[in-house]
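Working notes for the structure below.
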Amino acid sequence: MQAFLAVLVGGLLTIAGGLAAVLVTSRSVKSQWRNDTQLKVSTEVLNALQKVVSRINDLAYLPGKEGDDAENAWSALVASVMEWHNVRHAALLVGSPRIVALLQEIDEQSESLTNRARAKQWTLVEFRRERDSISRLAADFLDAVRAETGWPPLQLKALRWIDMRNEDWLVADTARRTGNPPPPES
């Protein structure tokens, strides 16, 4: 009888140990999947945001806000905003409350920036000042994602995007390379 009980207890302990290992492994795999998904979706969020900011830039620098150029810029912006919303929605599904709040703020700021871009023609320096709030929020978003996935924050002041298609940028870049830097932005 003791042998039978010993086998039974040994079997139960083996099963319990196996279940414990499965649960621990399952949690670890689930956590790793969540981190991987969060990083992938967050990368897509930042890429989509770059496109939105670039398209807002295109609209902001137009001298006239009517006509074919304006309509093309608006159509490109609408397409990039649709992509932005698709990846933002994915990020809302896997993000923490902090990340969700930052995404909402970024979305509100990009909408506000779009409205200001449609109101007048901007210079590069003027518009950089206008988009600074989105740049700061994007840096905060990056740090929040890194912290959530266990990486240390970078504590960037802002994420900067350069639109290589912008003529003002090309002039400023040429001036820098030739030793004639433009006046500093205030």
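Identifiers in the structure tokens: chain A, B, ... in order shown; residue index from 1 per chain; ligand index from 1 in order shown.
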Test item: residues at most 10 Å from range 130-146 of chain A, only C-alpha atoms, excluding those fewer than 2 positions along its chain, as a PyMOL selection string: chain A and resi 35+38-39+42-43+45-46+49-50+53+56-57+95-96+98-103+105-110+112-114+116-117+122+124-128+148-161
Save the residues we just selected, N, CA and C atoms, as a compact mmCIF listing (two decimals), in the first residue's frame?
# COMPACT_ATOMS: atom_id res chain seq x y z
N ASN A 35 5.67 42.15 -25.53
CA ASN A 35 6.76 43.10 -25.77
C ASN A 35 7.10 43.19 -27.25
N GLN A 38 4.31 45.02 -29.00
CA GLN A 38 4.35 46.44 -28.66
C GLN A 38 5.45 47.16 -29.45
N LEU A 39 6.63 46.55 -29.54
CA LEU A 39 7.73 47.18 -30.28
C LEU A 39 7.42 47.28 -31.77
N SER A 42 4.66 49.88 -32.29
CA SER A 42 5.18 51.22 -32.01
C SER A 42 6.09 51.72 -33.12
N THR A 43 6.86 50.83 -33.70
CA THR A 43 7.67 51.21 -34.85
C THR A 43 6.78 51.66 -36.00
N VAL A 45 3.79 52.87 -35.70
CA VAL A 45 3.19 54.14 -35.29
C VAL A 45 4.12 55.30 -35.64
N LEU A 46 5.39 55.16 -35.28
CA LEU A 46 6.34 56.25 -35.56
C LEU A 46 6.55 56.45 -37.06
N LEU A 49 3.44 58.21 -38.31
CA LEU A 49 3.46 59.60 -37.86
C LEU A 49 4.42 60.43 -38.70
N GLN A 50 5.56 59.86 -39.04
CA GLN A 50 6.52 60.55 -39.93
C GLN A 50 5.84 60.92 -41.24
N VAL A 53 3.36 63.83 -40.65
CA VAL A 53 4.07 65.10 -40.47
C VAL A 53 4.64 65.58 -41.81
N ILE A 56 1.77 66.95 -43.81
CA ILE A 56 1.35 68.25 -43.27
C ILE A 56 2.35 69.31 -43.71
N ASN A 57 3.64 68.96 -43.71
CA ASN A 57 4.67 69.89 -44.19
C ASN A 57 4.37 70.30 -45.63
N GLY A 95 -1.38 48.70 -26.06
CA GLY A 95 -0.68 49.70 -25.26
C GLY A 95 -1.22 49.86 -23.86
N SER A 96 -0.37 50.34 -22.99
CA SER A 96 -0.76 50.66 -21.62
C SER A 96 -1.58 51.95 -21.62
N ARG A 98 -0.81 54.74 -20.35
CA ARG A 98 0.11 55.86 -20.63
C ARG A 98 0.34 55.99 -22.14
N ILE A 99 0.54 54.88 -22.81
CA ILE A 99 0.76 54.91 -24.25
C ILE A 99 -0.50 55.36 -24.97
N VAL A 100 -1.65 54.88 -24.53
CA VAL A 100 -2.92 55.28 -25.13
C VAL A 100 -3.12 56.78 -24.98
N ALA A 101 -2.82 57.32 -23.81
CA ALA A 101 -2.97 58.77 -23.58
C ALA A 101 -2.04 59.56 -24.50
N LEU A 102 -0.80 59.09 -24.66
CA LEU A 102 0.13 59.78 -25.55
C LEU A 102 -0.34 59.74 -27.00
N LEU A 103 -0.87 58.60 -27.43
CA LEU A 103 -1.38 58.48 -28.80
C LEU A 103 -2.55 59.43 -29.02
N GLU A 105 -3.01 62.29 -27.46
CA GLU A 105 -2.43 63.64 -27.53
C GLU A 105 -1.78 63.89 -28.89
N ILE A 106 -1.04 62.91 -29.39
CA ILE A 106 -0.40 63.04 -30.70
C ILE A 106 -1.46 63.24 -31.78
N ASP A 107 -2.52 62.47 -31.71
CA ASP A 107 -3.59 62.57 -32.69
C ASP A 107 -4.23 63.96 -32.66
N GLU A 108 -4.51 64.47 -31.47
CA GLU A 108 -5.09 65.81 -31.33
C GLU A 108 -4.14 66.88 -31.86
N GLN A 109 -2.85 66.75 -31.54
CA GLN A 109 -1.87 67.73 -32.01
C GLN A 109 -1.71 67.70 -33.53
N SER A 110 -1.74 66.49 -34.11
CA SER A 110 -1.60 66.41 -35.57
C SER A 110 -2.81 67.01 -36.27
N SER A 112 -4.68 69.46 -35.04
CA SER A 112 -4.52 70.90 -34.85
C SER A 112 -3.46 71.45 -35.81
N LEU A 113 -2.36 70.73 -35.96
CA LEU A 113 -1.30 71.15 -36.87
C LEU A 113 -1.80 71.17 -38.31
N THR A 114 -2.59 70.20 -38.68
CA THR A 114 -3.17 70.17 -40.04
C THR A 114 -4.03 71.41 -40.27
N ARG A 116 -3.80 74.32 -38.83
CA ARG A 116 -2.93 75.50 -38.94
C ARG A 116 -2.19 75.50 -40.28
N ALA A 117 -1.81 74.31 -40.76
CA ALA A 117 -1.09 74.21 -42.04
C ALA A 117 -1.99 74.65 -43.20
N TRP A 122 3.70 78.60 -44.62
CA TRP A 122 4.68 78.68 -43.56
C TRP A 122 6.09 78.57 -44.14
N LEU A 124 10.04 77.17 -43.29
CA LEU A 124 10.56 75.99 -42.60
C LEU A 124 10.71 76.26 -41.10
N VAL A 125 11.32 77.37 -40.74
CA VAL A 125 11.57 77.69 -39.34
C VAL A 125 10.25 77.90 -38.60
N GLU A 126 9.33 78.64 -39.21
CA GLU A 126 8.03 78.87 -38.57
C GLU A 126 7.30 77.55 -38.31
N PHE A 127 7.31 76.70 -39.32
CA PHE A 127 6.54 75.47 -39.18
C PHE A 127 7.20 74.48 -38.24
N ARG A 128 8.52 74.50 -38.16
CA ARG A 128 9.20 73.63 -37.18
C ARG A 128 8.74 73.98 -35.78
N GLU A 148 8.01 50.37 -21.06
CA GLU A 148 7.03 49.29 -20.93
C GLU A 148 7.62 47.94 -21.35
N THR A 149 8.55 47.95 -22.26
CA THR A 149 9.14 46.70 -22.72
C THR A 149 10.43 46.35 -21.96
N GLY A 150 10.76 47.15 -20.95
CA GLY A 150 11.90 46.83 -20.11
C GLY A 150 13.21 47.47 -20.53
N TRP A 151 13.18 48.34 -21.51
CA TRP A 151 14.39 49.04 -21.95
C TRP A 151 14.44 50.41 -21.28
N PRO A 152 15.63 50.94 -21.05
CA PRO A 152 15.70 52.26 -20.42
C PRO A 152 15.26 53.36 -21.40
N PRO A 153 14.64 54.40 -20.87
CA PRO A 153 14.24 55.50 -21.75
C PRO A 153 15.45 56.25 -22.28
N LEU A 154 15.29 56.85 -23.44
CA LEU A 154 16.38 57.61 -24.06
C LEU A 154 16.37 59.07 -23.61
N GLN A 155 15.24 59.51 -23.12
CA GLN A 155 15.04 60.88 -22.64
C GLN A 155 15.41 61.92 -23.71
N LEU A 156 14.95 61.67 -24.92
CA LEU A 156 15.12 62.65 -25.98
C LEU A 156 14.18 63.82 -25.73
N LYS A 157 14.60 65.01 -26.10
CA LYS A 157 13.73 66.16 -25.95
C LYS A 157 12.63 66.14 -27.00
N ALA A 158 12.97 65.65 -28.19
CA ALA A 158 12.01 65.61 -29.29
C ALA A 158 12.54 64.67 -30.37
N LEU A 159 11.63 64.17 -31.17
CA LEU A 159 12.03 63.45 -32.38
C LEU A 159 11.99 64.45 -33.52
N ARG A 160 13.00 64.45 -34.31
CA ARG A 160 13.07 65.40 -35.43
C ARG A 160 12.89 64.66 -36.74
N TRP A 161 12.14 65.27 -37.61
CA TRP A 161 11.93 64.72 -38.93
C TRP A 161 12.39 65.73 -39.95
Backbone DSSP call of alpha helix (DSSP H) for range 32-162 of chain A, listed as a ChimeraX atom specification: /A:32-60,68-94,97-119,124-148
Can those selected residues be exported to a file as a compact mmCIF listing (two decimals), in the first residue's frame so that it contains C-alpha atoms?
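As written to disk, selection.txt reads:
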# COMPACT_ATOMS: atom_id res chain seq x y z
CA GLN A 32 7.67 38.18 -24.69
CA TRP A 33 4.91 38.16 -27.32
CA ARG A 34 3.38 41.32 -25.81
CA ASN A 35 6.76 43.10 -25.77
CA ASP A 36 7.53 42.05 -29.35
CA THR A 37 4.08 43.12 -30.51
CA GLN A 38 4.35 46.44 -28.66
CA LEU A 39 7.73 47.18 -30.28
CA LYS A 40 6.53 46.22 -33.76
CA VAL A 41 3.32 48.26 -33.52
CA SER A 42 5.18 51.22 -32.01
CA THR A 43 7.67 51.21 -34.85
CA GLU A 44 4.76 51.28 -37.28
CA VAL A 45 3.19 54.14 -35.29
CA LEU A 46 6.34 56.25 -35.56
CA ASN A 47 6.69 55.49 -39.29
CA ALA A 48 3.06 56.44 -39.93
CA LEU A 49 3.46 59.60 -37.86
CA GLN A 50 6.52 60.55 -39.93
CA LYS A 51 4.38 60.28 -43.07
CA VAL A 52 1.62 62.40 -41.56
CA VAL A 53 4.07 65.10 -40.47
CA SER A 54 5.70 65.04 -43.91
CA ARG A 55 2.32 65.43 -45.63
CA ILE A 56 1.35 68.25 -43.27
CA ASN A 57 4.67 69.89 -44.19
CA ASP A 58 3.78 69.61 -47.88
CA LEU A 59 0.50 71.36 -47.23
CA ALA A 60 1.98 74.00 -44.93
CA ASP A 68 -4.22 71.08 -58.08
CA ASP A 69 -1.12 71.24 -55.85
CA ALA A 70 -3.26 71.83 -52.77
CA GLU A 71 -5.66 69.07 -53.75
CA ASN A 72 -2.78 66.63 -54.33
CA ALA A 73 -1.19 67.57 -50.99
CA TRP A 74 -4.54 67.14 -49.25
CA SER A 75 -5.14 63.74 -50.87
CA ALA A 76 -1.69 62.53 -49.84
CA LEU A 77 -2.32 63.79 -46.29
CA VAL A 78 -5.68 62.00 -46.10
CA ALA A 79 -4.04 58.73 -47.22
CA SER A 80 -1.28 59.06 -44.61
CA VAL A 81 -3.82 59.92 -41.89
CA MET A 82 -5.76 56.75 -42.74
CA GLU A 83 -2.56 54.72 -42.34
CA TRP A 84 -1.81 56.56 -39.08
CA HIS A 85 -5.25 55.71 -37.70
CA ASN A 86 -4.89 52.04 -38.65
CA VAL A 87 -1.60 51.62 -36.80
CA ARG A 88 -2.77 53.83 -33.93
CA HIS A 89 -5.75 51.54 -33.45
CA ALA A 90 -3.43 48.53 -33.33
CA ALA A 91 -1.30 50.32 -30.72
CA LEU A 92 -4.41 51.10 -28.67
CA LEU A 93 -5.08 47.36 -28.46
CA VAL A 94 -1.69 46.47 -26.99
CA PRO A 97 -2.94 53.54 -20.44
CA ARG A 98 0.11 55.86 -20.63
CA ILE A 99 0.76 54.91 -24.25
CA VAL A 100 -2.92 55.28 -25.13
CA ALA A 101 -2.97 58.77 -23.58
CA LEU A 102 0.13 59.78 -25.55
CA LEU A 103 -1.38 58.48 -28.80
CA GLN A 104 -4.52 60.51 -28.15
CA GLU A 105 -2.43 63.64 -27.53
CA ILE A 106 -0.40 63.04 -30.70
CA ASP A 107 -3.59 62.57 -32.69
CA GLU A 108 -5.09 65.81 -31.33
CA GLN A 109 -1.87 67.73 -32.01
CA SER A 110 -1.60 66.41 -35.57
CA GLU A 111 -5.18 67.44 -36.27
CA SER A 112 -4.52 70.90 -34.85
CA LEU A 113 -1.30 71.15 -36.87
CA THR A 114 -3.17 70.17 -40.04
CA ASN A 115 -5.71 72.94 -39.46
CA ARG A 116 -2.93 75.50 -38.94
CA ALA A 117 -1.09 74.21 -42.04
CA ARG A 118 -4.21 74.80 -44.13
CA ALA A 119 -4.59 78.37 -42.86
CA LEU A 124 10.56 75.99 -42.60
CA VAL A 125 11.57 77.69 -39.34
CA GLU A 126 8.03 78.87 -38.57
CA PHE A 127 6.54 75.47 -39.18
CA ARG A 128 9.20 73.63 -37.18
CA ARG A 129 8.10 75.69 -34.19
CA GLU A 130 4.50 74.74 -34.92
CA ARG A 131 5.24 71.02 -35.04
CA ASP A 132 7.47 70.98 -31.94
CA SER A 133 4.64 69.73 -29.73
CA ILE A 134 4.24 66.60 -31.88
CA SER A 135 8.01 66.07 -31.85
CA ARG A 136 8.06 66.21 -28.03
CA LEU A 137 5.05 63.88 -27.75
CA ALA A 138 6.67 61.40 -30.16
CA ALA A 139 9.81 61.35 -27.98
CA ASP A 140 7.64 60.78 -24.89
CA PHE A 141 5.86 57.96 -26.73
CA LEU A 142 9.19 56.36 -27.64
CA ASP A 143 10.35 56.48 -24.02
CA ALA A 144 7.03 55.10 -22.73
CA VAL A 145 7.24 52.14 -25.11
CA ARG A 146 10.86 51.46 -24.17
CA ALA A 147 10.00 51.60 -20.47
CA GLU A 148 7.03 49.29 -20.93
